[in-house]
Each structure stands twice: as structure tokens, then as C-alpha cells.
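One structure below.
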Amino acid sequence: MCLAIPGRIVRLLDEDGSYAVVDVSGVRRTINIGLLREDGIKPDDWVLIHVGFAMSKISDEQAMDQLRLLEMLGEASLAVEEVRGYGFGEESEQQEEVDHRRE
């Protein structure tokens with residue numbers, strides 16, 4: 001199944017606005033936000049993520065609704081597992097080590 005997963009921007013990683021660290025239910029990964037450069041993405045914004053790319057900016061309310069829907073459908077844990085596979089560069093590798101230690 002193809003999911004668009006809501007994630008909260010934690011921090012921007014580069015000046016040209018291509019990459020950011022996002023938090024999805026406690027899992028942090030580096031994603032590509034290049035498609036949303038013109039939307040003025042900043043920390044604490046919510047985005048819908050698909051295969052490691054932010055596809056659209058969404059409101060807090062839309063993000064909460066989407067997370068509730070994933071939970072109701074029993075897809076929340078699958079969404080988190082999908083996010084674990086995302087990542088661009090060093091940030092993700094470091095976070096994978098932290099995630100592995102938590103398990």
C-alpha cells in the first residue's frame with residue numbers, strides 16, 4: 001500500500017531548502033523537502049511524506065486527523081516502519097544507531 005505519512009519538521013539541514021529532519025511518531029529521518037521550497041517550510045510545520053519526499057504542507061489539524069486514521073486502520077506501526085527506511089545522508093545513519101539502541 002502507498003501511504004502518505006504526516007511528519008513534523010524538526011529542523012532544516014541545508015540553506016537551499018532540499019533536506020530536513022522530520023519526526024513521525026518518534027522516529028526521526030532525513031527527508032527531501034525540495035518540492036516544497038516555495039511553501040516556506042520551517043520547523044514545526046507538518047508535511048505529508050511519501051517514499052522519503054515531502055509532497056505537501058498540511059495543517060496541524062490535518063496531521064492529527066491523518067494520524068488518527070492510520071491508527072484506526074491499524075496502519076500506524078506499518079507507517080513507522082516505512083519511515084525507518086527513509087533517509088538521505090549522515091543524519092539518518094546516526095538516527096538509525098539511536099533507534100537500534102532503543103530496540
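Scheme for the C-alpha cells: letters A, B, ... for chains in order shown; per-chain residue numbers from 1; ligand numbers from 1 in order shown.
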I'd like the contact shell of Gly17 (chain A) - 8 Å cut-off, only C-alpha atoms, skipping same-chain residues fewer than 5 positions apart - returned as a ChimeraX atom specification.
/A:12,33-34,37
Considering only C-alpha atoms, return as a JSON list (two decimals) with C-alpha atoms, in the first residue's frame whatever protein or nucleic-acid residues lie within 6 Å of Leu48 (chain A), sequence-local ones (same chain, fewer than 5 positions apart) excluded.
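Printed below is selection.json as written:
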[["chain", "number", "residue", "atom", "x", "y", "z"],
["A", 4, "ALA", "CA", 1.33, 9.49, 2.62],
["A", 5, "ILE", "CA", 2.52, 9.82, 6.19],
["A", 6, "PRO", "CA", 2.32, 13.02, 8.23],
["A", 54, "ALA", "CA", 7.59, 15.79, 1.39],
["A", 55, "MET", "CA", 4.69, 16.05, -1.04],
["A", 56, "SER", "CA", 2.57, 18.77, 0.58]]
Could you list, as JSON, numbers by chain, every residue within 9 Å of Leu67 (chain A), counting only C-alpha atoms and ignoring same-chain residues fewer than 3 positions away?
{"A": [5, 6, 25, 62, 63, 64, 70, 71, 72, 76]}
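Distances to Tyr19 (chain A) were evaluated for A:Asp39, A:Leu73, A:Val47, A:Phe53 using only C-alpha atoms, and the minimum falls at A:Phe53.
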Interatomic distance, CA of Ile31 (chain A) to CA of Asp14 (chain A) (Å, one decimal)
11.7 Å
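With CA of Gln66 (chain A) on one side and CA of Asp45 (chain A) on the other, the separation reads 14.7 Å.
Between CA of Asn32 (chain A) and CA of Arg68 (chain A) the interatomic distance comes to 24.5 Å.
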If we count only C-alpha atoms, what is near Val22 (chain A) at a cut-off of 7 Å, once residues fewer than 2 positions away on the same chain are taken out, given as a PyMOL selection string?
chain A and resi 7-10+20+24+28-31
